[in-house]
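Encoded as structure tokens, the structure appears first; notes follow it.
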Amino acid sequence: MRRQIIAGNWKMNGTIASGSILIEGINGTLKEDELSVDVVVCPPFTALERAVTMTRNTSIVVGAQTMDYHDAGAYTGEISPLMLTELGVRYVILGHSERRDYYGETDATVNEKIKRAFHHNLQPIVCVGESLAQRESNETMTFIESQLQGALQHIPKEQVQQLIVAYEPIWAIGTGKTATAEQAEEVCAGIRQYISKLYDKATAADVRIQYGGSVKAENAYEILSQPNIDGALVGGASLVADDFTSIIMSAQQVATDMLHSN
Ligand code: 13P
């Protein structure tokens with residue numbers, strides 16, 4: 001059974017001080033619970049070290065929002081995988097649509113980054129997703145398949161099995177417009193099917209696929225209870241401790257329900 005994974009992408013929000021208060025709030029609520037869900041927070045680079053310190057011996061682990069694929073060198077402004085692992089960071093979001101749109105990230109660079117992330121024992125969360133125009137012209141799956149094909153070039157299946165894919169329709173990010181649970185499930189099932197075609201059924205069955213795009217406490221349970229959705233990548237709602245923990249609790253509820261239905 002795939003374990004649900006809830007990740008909070010803080011994007012370029014907050015300070016070390018406000019991030020610490022947020023983590024304290026999340027920790028405070030989760031402390032008592034034995035979670036069967038993975039929880040990740042992805043603060044801005046400057047808050048990573050504090051976040052790692054504050055989440056030691058808790059059920060929360062820390063991820064970064066992007067990284068460079070070189071270990072070191074003349075790459076002004078970039079952060080390398082080595083710098084992340086030195087801090088104790090465990091996950092890294094790769095190919096977020098904002099990185100693709102504003103900073104020129106491509107499937108080829110995402111591919112390099114996945115390779116380097118695995119090399120350094122960082123768990124990649126690879127984002128894919130269509131624009132509104134692509135959805136309206138029925139190009140959603142063709143586009144996402146091309147993103148996956150590019151991102152997964154020469155990635156062995158042993159690594160793909162550990163991969164997390166985040167399906168984030170661009171039109172649903174930060175807009176309050178969530179994909180319906182059916183729309184999200186349809187694409188996540190399509191992603192699994194395509195990975196099965198690229199590799200095999202067993203590999204596809206292991207990949208965890210998150211949905212991201214205006215996930216909130218109110219819609220989390222319905223989305224997370226879809227058979228091919230194994231978690232959420234949360235933006236706005238991850239900045240409010242109560243909202244984020246409610247989403248985690250929804251995932252926990254889904255895990256409990258599944259245990260009882262088997
Ligand atoms: P929102 O949850 O704010 O729509 O952001 C989604 C996202 O981009 C997470 O990576």
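For the structure tokens, the naming scheme is as follows: chains receive sequential letters (A, B, ...) according to their order of presentation, residues are indexed from 1 within each chain, and ligands are indexed from 1 in presentation order.
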Cut-off 8 Å, only C-alpha atoms and all ligand atoms, neighbours of ligand 1 as a PyMOL selection string: chain A and resi 8-11+96-98+168+170+172-176+178+212-216+233-238
Pull N, CA, C and O atoms from the residues just selected and write them as an mmCIF file, in the first residue's frame.
data_model
loop_
_atom_site.group_PDB
_atom_site.id
_atom_site.type_symbol
_atom_site.label_atom_id
_atom_site.label_comp_id
_atom_site.auth_asym_id
_atom_site.auth_seq_id
_atom_site.Cartn_x
_atom_site.Cartn_y
_atom_site.Cartn_z
ATOM 1 N N GLY A 8 4.075 20.699 2.152
ATOM 2 C CA GLY A 8 3.723 22.123 2.117
ATOM 3 C C GLY A 8 4.799 22.893 1.379
ATOM 4 O O GLY A 8 5.967 22.876 1.783
ATOM 5 N N ASN A 9 4.404 23.529 0.285
ATOM 6 C CA ASN A 9 5.321 24.369 -0.484
ATOM 7 C C ASN A 9 5.062 25.816 -0.076
ATOM 8 O O ASN A 9 4.074 26.401 -0.497
ATOM 9 N N TRP A 10 5.940 26.338 0.741
ATOM 10 C CA TRP A 10 5.728 27.699 1.264
ATOM 11 C C TRP A 10 5.994 28.765 0.201
ATOM 12 O O TRP A 10 5.695 29.934 0.407
ATOM 13 N N LYS A 11 6.643 28.378 -0.884
ATOM 14 C CA LYS A 11 7.042 29.326 -1.940
ATOM 15 C C LYS A 11 7.868 30.464 -1.311
ATOM 16 O O LYS A 11 8.533 30.235 -0.302
ATOM 17 N N HIS A 96 8.615 22.721 -10.596
ATOM 18 C CA HIS A 96 7.340 23.389 -10.297
ATOM 19 C C HIS A 96 6.995 24.324 -11.465
ATOM 20 O O HIS A 96 7.899 24.918 -12.068
ATOM 21 N N SER A 97 5.717 24.491 -11.748
ATOM 22 C CA SER A 97 5.340 25.304 -12.917
ATOM 23 C C SER A 97 5.828 26.741 -12.782
ATOM 24 O O SER A 97 6.122 27.395 -13.786
ATOM 25 N N GLU A 98 5.948 27.229 -11.543
ATOM 26 C CA GLU A 98 6.469 28.592 -11.379
ATOM 27 C C GLU A 98 7.945 28.644 -11.762
ATOM 28 O O GLU A 98 8.402 29.625 -12.354
ATOM 29 N N GLU A 168 0.049 19.055 -10.822
ATOM 30 C CA GLU A 168 -0.439 20.390 -10.470
ATOM 31 C C GLU A 168 -0.937 21.106 -11.720
ATOM 32 O O GLU A 168 -0.139 21.707 -12.454
ATOM 33 N N ILE A 170 -1.901 23.950 -13.845
ATOM 34 C CA ILE A 170 -1.470 25.340 -13.634
ATOM 35 C C ILE A 170 -2.667 26.244 -13.321
ATOM 36 O O ILE A 170 -2.576 27.140 -12.491
ATOM 37 N N ALA A 172 -5.128 25.670 -11.587
ATOM 38 C CA ALA A 172 -5.672 25.469 -10.242
ATOM 39 C C ALA A 172 -4.717 25.966 -9.158
ATOM 40 O O ALA A 172 -5.030 25.920 -7.977
ATOM 41 N N ILE A 173 -3.541 26.474 -9.563
ATOM 42 C CA ILE A 173 -2.540 26.887 -8.575
ATOM 43 C C ILE A 173 -2.812 28.314 -8.111
ATOM 44 O O ILE A 173 -2.802 29.241 -8.915
ATOM 45 N N GLY A 174 -3.088 28.448 -6.832
ATOM 46 C CA GLY A 174 -3.266 29.775 -6.233
ATOM 47 C C GLY A 174 -4.493 30.514 -6.746
ATOM 48 O O GLY A 174 -4.614 31.717 -6.536
ATOM 49 N N THR A 175 -5.382 29.813 -7.408
ATOM 50 C CA THR A 175 -6.535 30.483 -7.999
ATOM 51 C C THR A 175 -7.808 30.229 -7.206
ATOM 52 O O THR A 175 -8.825 30.858 -7.460
ATOM 53 N N GLY A 176 -7.747 29.279 -6.275
ATOM 54 C CA GLY A 176 -8.957 28.897 -5.555
ATOM 55 C C GLY A 176 -9.796 27.932 -6.386
ATOM 56 O O GLY A 176 -10.771 27.366 -5.917
ATOM 57 N N THR A 178 -10.126 24.538 -7.713
ATOM 58 C CA THR A 178 -9.533 23.211 -7.572
ATOM 59 C C THR A 178 -10.050 22.327 -8.693
ATOM 60 O O THR A 178 -11.212 22.449 -9.082
ATOM 61 N N GLY A 212 -1.842 18.739 -6.566
ATOM 62 C CA GLY A 212 -1.613 20.070 -6.006
ATOM 63 C C GLY A 212 -2.393 21.104 -6.790
ATOM 64 O O GLY A 212 -2.517 21.004 -8.019
ATOM 65 N N GLY A 213 -2.912 22.093 -6.108
ATOM 66 C CA GLY A 213 -3.691 23.157 -6.759
ATOM 67 C C GLY A 213 -4.908 23.463 -5.906
ATOM 68 O O GLY A 213 -5.898 22.750 -5.981
ATOM 69 N N SER A 214 -4.761 24.492 -5.049
ATOM 70 C CA SER A 214 -5.867 24.925 -4.179
ATOM 71 C C SER A 214 -6.419 23.811 -3.291
ATOM 72 O O SER A 214 -7.633 23.722 -3.085
ATOM 73 N N VAL A 215 -5.526 22.961 -2.800
ATOM 74 C CA VAL A 215 -5.969 21.967 -1.810
ATOM 75 C C VAL A 215 -6.183 22.693 -0.480
ATOM 76 O O VAL A 215 -5.355 23.500 -0.053
ATOM 77 N N LYS A 216 -7.334 22.425 0.128
ATOM 78 C CA LYS A 216 -7.687 23.070 1.394
ATOM 79 C C LYS A 216 -8.256 22.014 2.326
ATOM 80 O O LYS A 216 -8.554 20.891 1.899
ATOM 81 N N LEU A 233 0.359 18.307 -2.662
ATOM 82 C CA LEU A 233 1.381 19.348 -2.591
ATOM 83 C C LEU A 233 0.600 20.642 -2.387
ATOM 84 O O LEU A 233 -0.164 21.059 -3.269
ATOM 85 N N VAL A 234 0.781 21.230 -1.219
ATOM 86 C CA VAL A 234 -0.103 22.312 -0.783
ATOM 87 C C VAL A 234 0.650 23.633 -0.775
ATOM 88 O O VAL A 234 1.736 23.719 -0.195
ATOM 89 N N GLY A 235 0.087 24.654 -1.403
ATOM 90 C CA GLY A 235 0.706 25.981 -1.382
ATOM 91 C C GLY A 235 0.102 26.821 -0.268
ATOM 92 O O GLY A 235 0.435 26.664 0.914
ATOM 93 N N GLY A 236 -0.831 27.675 -0.629
ATOM 94 C CA GLY A 236 -1.416 28.653 0.300
ATOM 95 C C GLY A 236 -1.820 28.074 1.653
ATOM 96 O O GLY A 236 -1.491 28.643 2.705
ATOM 97 N N ALA A 237 -2.527 26.949 1.636
ATOM 98 C CA ALA A 237 -3.035 26.394 2.898
ATOM 99 C C ALA A 237 -1.926 25.826 3.779
ATOM 100 O O ALA A 237 -2.151 25.569 4.967
ATOM 101 N N SER A 238 -0.703 25.679 3.232
ATOM 102 C CA SER A 238 0.378 25.160 4.074
ATOM 103 C C SER A 238 1.001 26.269 4.923
ATOM 104 O O SER A 238 1.867 26.026 5.758
#
10 Å contact set for Lys113 (chain A), only C-alpha atoms, chain neighbours under 5 positions out, as a PyMOL selection string: chain A and resi 66-70+80-81+92-95+107-108+118-119+124+126+151
Write out, as an mmCIF file, in the first residue's frame, the residues just selected, with N, CA, C and O atoms.
data_model
loop_
_atom_site.group_PDB
_atom_site.id
_atom_site.type_symbol
_atom_site.label_atom_id
_atom_site.label_comp_id
_atom_site.auth_asym_id
_atom_site.auth_seq_id
_atom_site.Cartn_x
_atom_site.Cartn_y
_atom_site.Cartn_z
ATOM 1 N N THR A 66 13.644 23.921 -4.813
ATOM 2 C CA THR A 66 14.361 23.700 -6.073
ATOM 3 C C THR A 66 15.827 23.477 -5.720
ATOM 4 O O THR A 66 16.208 23.586 -4.546
ATOM 5 N N MET A 67 16.649 23.154 -6.698
ATOM 6 C CA MET A 67 18.105 23.104 -6.485
ATOM 7 C C MET A 67 18.766 23.132 -7.859
ATOM 8 O O MET A 67 18.110 22.927 -8.876
ATOM 9 N N ASP A 68 20.040 23.368 -7.879
ATOM 10 C CA ASP A 68 20.813 23.265 -9.109
ATOM 11 C C ASP A 68 21.265 21.812 -9.270
ATOM 12 O O ASP A 68 21.186 21.030 -8.316
ATOM 13 N N TYR A 69 21.681 21.436 -10.478
ATOM 14 C CA TYR A 69 22.117 20.052 -10.657
ATOM 15 C C TYR A 69 23.641 19.896 -10.635
ATOM 16 O O TYR A 69 24.152 18.806 -10.848
ATOM 17 N N HIS A 70 24.347 20.991 -10.396
ATOM 18 C CA HIS A 70 25.802 20.857 -10.210
ATOM 19 C C HIS A 70 26.098 20.764 -8.717
ATOM 20 O O HIS A 70 25.335 21.269 -7.902
ATOM 21 N N SER A 80 23.234 24.017 -4.348
ATOM 22 C CA SER A 80 23.518 22.668 -4.848
ATOM 23 C C SER A 80 22.931 21.596 -3.931
ATOM 24 O O SER A 80 22.637 21.864 -2.761
ATOM 25 N N PRO A 81 22.780 20.374 -4.483
ATOM 26 C CA PRO A 81 22.266 19.284 -3.652
ATOM 27 C C PRO A 81 23.121 19.045 -2.408
ATOM 28 O O PRO A 81 22.589 18.728 -1.340
ATOM 29 N N VAL A 92 13.227 17.334 -2.340
ATOM 30 C CA VAL A 92 13.367 18.553 -3.146
ATOM 31 C C VAL A 92 12.282 18.575 -4.226
ATOM 32 O O VAL A 92 12.051 17.582 -4.905
ATOM 33 N N ILE A 93 11.578 19.697 -4.296
ATOM 34 C CA ILE A 93 10.565 19.886 -5.346
ATOM 35 C C ILE A 93 11.314 20.246 -6.637
ATOM 36 O O ILE A 93 12.180 21.125 -6.626
ATOM 37 N N LEU A 94 10.993 19.575 -7.718
ATOM 38 C CA LEU A 94 11.662 19.852 -8.998
ATOM 39 C C LEU A 94 10.624 20.142 -10.082
ATOM 40 O O LEU A 94 9.592 19.475 -10.153
ATOM 41 N N GLY A 95 10.914 21.129 -10.906
ATOM 42 C CA GLY A 95 10.052 21.411 -12.054
ATOM 43 C C GLY A 95 8.702 21.992 -11.711
ATOM 44 O O GLY A 95 7.728 21.803 -12.456
ATOM 45 N N ASP A 107 12.102 20.331 -19.144
ATOM 46 C CA ASP A 107 12.111 18.895 -18.851
ATOM 47 C C ASP A 107 13.549 18.379 -18.775
ATOM 48 O O ASP A 107 13.856 17.504 -17.972
ATOM 49 N N ALA A 108 14.421 18.946 -19.620
ATOM 50 C CA ALA A 108 15.823 18.493 -19.627
ATOM 51 C C ALA A 108 16.517 18.854 -18.316
ATOM 52 O O ALA A 108 17.273 18.042 -17.765
ATOM 53 N N PHE A 118 18.821 11.985 -6.716
ATOM 54 C CA PHE A 118 18.982 10.591 -6.290
ATOM 55 C C PHE A 118 20.431 10.300 -5.909
ATOM 56 O O PHE A 118 20.692 9.610 -4.931
ATOM 57 N N HIS A 119 21.350 10.862 -6.693
ATOM 58 C CA HIS A 119 22.762 10.647 -6.398
ATOM 59 C C HIS A 119 23.100 11.093 -4.968
ATOM 60 O O HIS A 119 23.927 10.496 -4.292
ATOM 61 N N PRO A 124 13.132 13.310 -4.821
ATOM 62 C CA PRO A 124 12.526 14.341 -5.657
ATOM 63 C C PRO A 124 10.996 14.288 -5.699
ATOM 64 O O PRO A 124 10.408 13.206 -5.729
ATOM 65 N N VAL A 126 8.499 15.589 -8.315
ATOM 66 C CA VAL A 126 8.571 16.122 -9.682
ATOM 67 C C VAL A 126 7.197 16.631 -10.123
ATOM 68 O O VAL A 126 6.229 15.873 -10.168
ATOM 69 N N ALA A 151 11.391 14.205 -18.362
ATOM 70 C CA ALA A 151 11.938 14.223 -17.000
ATOM 71 C C ALA A 151 12.554 12.885 -16.616
ATOM 72 O O ALA A 151 13.486 12.822 -15.817
#
Residue neighbourhood region 157-166 of chain A, 6 Å, only C-alpha atoms, exclusion window fewer than 5 positions, as a VMD selection string: chain A and resid 125 to 127 203 206 to 211
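For region 86-192 of chain A, backbone-based DSSP assignment of strand (DSSP E or B) covers Tyr91, Val92, Ile93, Leu94, Gln123, Pro124, Ile125, Val126, Cys127, Val128, Ile164, Val165, Ala166 and Tyr167 of chain A.
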DSSP alpha helix (DSSP H) residues within region 36-217 of chain A, listed as a PyMOL selection string: chain A and resi 48-55+81-87+97-103+107-119+132-136+140-151+157-160+181-198+201-206+217
Shell around Tyr91 (chain A) at 9 Å using only C-alpha atoms, local window under 6 positions removed, as a PyMOL selection string: chain A and resi 40+42+61-65+117+121-125
Write the residues of the preceding selection, restricted to N, CA, C and O atoms, as a PDB file, in the first residue's frame.
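The resulting again.pdb:
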ATOM      1  N   VAL A  40       5.913  16.710   4.922  1.00  0.00           N
ATOM      2  CA  VAL A  40       7.102  17.453   4.482  1.00  0.00           C
ATOM      3  C   VAL A  40       6.776  18.942   4.482  1.00  0.00           C
ATOM      4  O   VAL A  40       5.688  19.327   4.045  1.00  0.00           O
ATOM      5  N   CYS A  42       8.382  22.597   3.001  1.00  0.00           N
ATOM      6  CA  CYS A  42       9.398  23.128   2.082  1.00  0.00           C
ATOM      7  C   CYS A  42       9.479  24.656   2.212  1.00  0.00           C
ATOM      8  O   CYS A  42       8.839  25.392   1.449  1.00  0.00           O
ATOM      9  N   VAL A  61       9.461  16.117   8.025  1.00  0.00           N
ATOM     10  CA  VAL A  61      10.795  16.253   7.433  1.00  0.00           C
ATOM     11  C   VAL A  61      10.804  17.466   6.519  1.00  0.00           C
ATOM     12  O   VAL A  61       9.742  18.011   6.178  1.00  0.00           O
ATOM     13  N   VAL A  62      11.992  17.872   6.115  1.00  0.00           N
ATOM     14  CA  VAL A  62      12.128  19.142   5.416  1.00  0.00           C
ATOM     15  C   VAL A  62      12.554  18.929   3.965  1.00  0.00           C
ATOM     16  O   VAL A  62      13.392  18.074   3.664  1.00  0.00           O
ATOM     17  N   GLY A  63      11.952  19.719   3.085  1.00  0.00           N
ATOM     18  CA  GLY A  63      12.309  19.688   1.675  1.00  0.00           C
ATOM     19  C   GLY A  63      12.669  21.080   1.187  1.00  0.00           C
ATOM     20  O   GLY A  63      12.316  22.080   1.820  1.00  0.00           O
ATOM     21  N   ALA A  64      13.374  21.133   0.051  1.00  0.00           N
ATOM     22  CA  ALA A  64      13.677  22.418  -0.584  1.00  0.00           C
ATOM     23  C   ALA A  64      12.752  22.593  -1.781  1.00  0.00           C
ATOM     24  O   ALA A  64      12.136  21.630  -2.247  1.00  0.00           O
ATOM     25  N   GLN A  65      12.673  23.809  -2.286  1.00  0.00           N
ATOM     26  CA  GLN A  65      11.725  24.108  -3.372  1.00  0.00           C
ATOM     27  C   GLN A  65      12.326  23.969  -4.759  1.00  0.00           C
ATOM     28  O   GLN A  65      11.613  23.940  -5.755  1.00  0.00           O
ATOM     29  N   ALA A 117      19.580  14.546  -7.647  1.00  0.00           N
ATOM     30  CA  ALA A 117      18.883  14.395  -6.364  1.00  0.00           C
ATOM     31  C   ALA A 117      19.065  12.969  -5.855  1.00  0.00           C
ATOM     32  O   ALA A 117      19.471  12.746  -4.712  1.00  0.00           O
ATOM     33  N   ASN A 121      20.912  11.264  -2.491  1.00  0.00           N
ATOM     34  CA  ASN A 121      19.918  10.772  -1.536  1.00  0.00           C
ATOM     35  C   ASN A 121      18.852  11.770  -1.148  1.00  0.00           C
ATOM     36  O   ASN A 121      18.368  11.773  -0.016  1.00  0.00           O
ATOM     37  N   LEU A 122      18.517  12.650  -2.095  1.00  0.00           N
ATOM     38  CA  LEU A 122      17.398  13.556  -1.876  1.00  0.00           C
ATOM     39  C   LEU A 122      16.202  12.982  -2.623  1.00  0.00           C
ATOM     40  O   LEU A 122      16.347  12.489  -3.744  1.00  0.00           O
ATOM     41  N   GLN A 123      15.067  13.030  -2.010  1.00  0.00           N
ATOM     42  CA  GLN A 123      13.869  12.452  -2.632  1.00  0.00           C
ATOM     43  C   GLN A 123      13.175  13.510  -3.490  1.00  0.00           C
ATOM     44  O   GLN A 123      12.686  14.513  -2.963  1.00  0.00           O
ATOM     45  N   PRO A 124      13.132  13.310  -4.821  1.00  0.00           N
ATOM     46  CA  PRO A 124      12.526  14.341  -5.657  1.00  0.00           C
ATOM     47  C   PRO A 124      10.996  14.288  -5.699  1.00  0.00           C
ATOM     48  O   PRO A 124      10.408  13.206  -5.729  1.00  0.00           O
ATOM     49  N   ILE A 125      10.394  15.461  -5.684  1.00  0.00           N
ATOM     50  CA  ILE A 125       8.955  15.607  -5.941  1.00  0.00           C
ATOM     51  C   ILE A 125       8.868  16.322  -7.288  1.00  0.00           C
ATOM     52  O   ILE A 125       9.211  17.502  -7.389  1.00  0.00           O
TER      53      ILE A 125
END
Please identify all polymer residues within 8 Å of Gly88 (chain A), counting only C-alpha atoms, omitting same-chain residues fewer than 4 positions from it, and present them as a PDB file with C-alpha atoms, in the first residue's frame.
ATOM      1  CA  GLU A  49      18.345  25.173   8.626  1.00  0.00           C
ATOM      2  CA  VAL A  52      15.515  21.042  10.107  1.00  0.00           C
ATOM      3  CA  VAL A  62      12.128  19.142   5.416  1.00  0.00           C
ATOM      4  CA  LEU A  84      20.873  20.820   0.977  1.00  0.00           C
TER       5      LEU A  84
END
Residues near region 189-193 of chain A, cut-off 12 Å, only C-alpha atoms, skip fewer than 2 positions along chain, as an MDAnalysis selection string: chainID A and resid 127:129 140:149 160:161 163:168 181:187 195:211 226:230
Å distance separating CA of Pro44 (chain A) from CA of Leu30 (chain A), one decimal place: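 So the two atoms, CA of Pro44 (chain A) and CA of Leu30 (chain A), lie 22.1 Å apart.
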Atomic separation - CA of Leu87 (chain A) relative to CA of Asp242 (chain A), Å: 26.8 Å
One-decimal distance in Å that lies between CA of Leu35 (chain A) and CA of Val254 (chain A):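 Spanning CA of Val254 (chain A) to CA of Leu35 (chain A) is a straight-line distance of 11.8 Å.
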Residue contacts of Ser36 (chain A) (10 Å, only C-alpha atoms) excluding same-chain residues fewer than 6 positions away, as a ChimeraX atom specification: /A:3-5,59,248,251-256
Which of A:Ile16, A:Ile60, A:Ile79, A:Leu132 sits closest to Leu48 (chain A) [using only C-alpha atoms]: A:Ile16
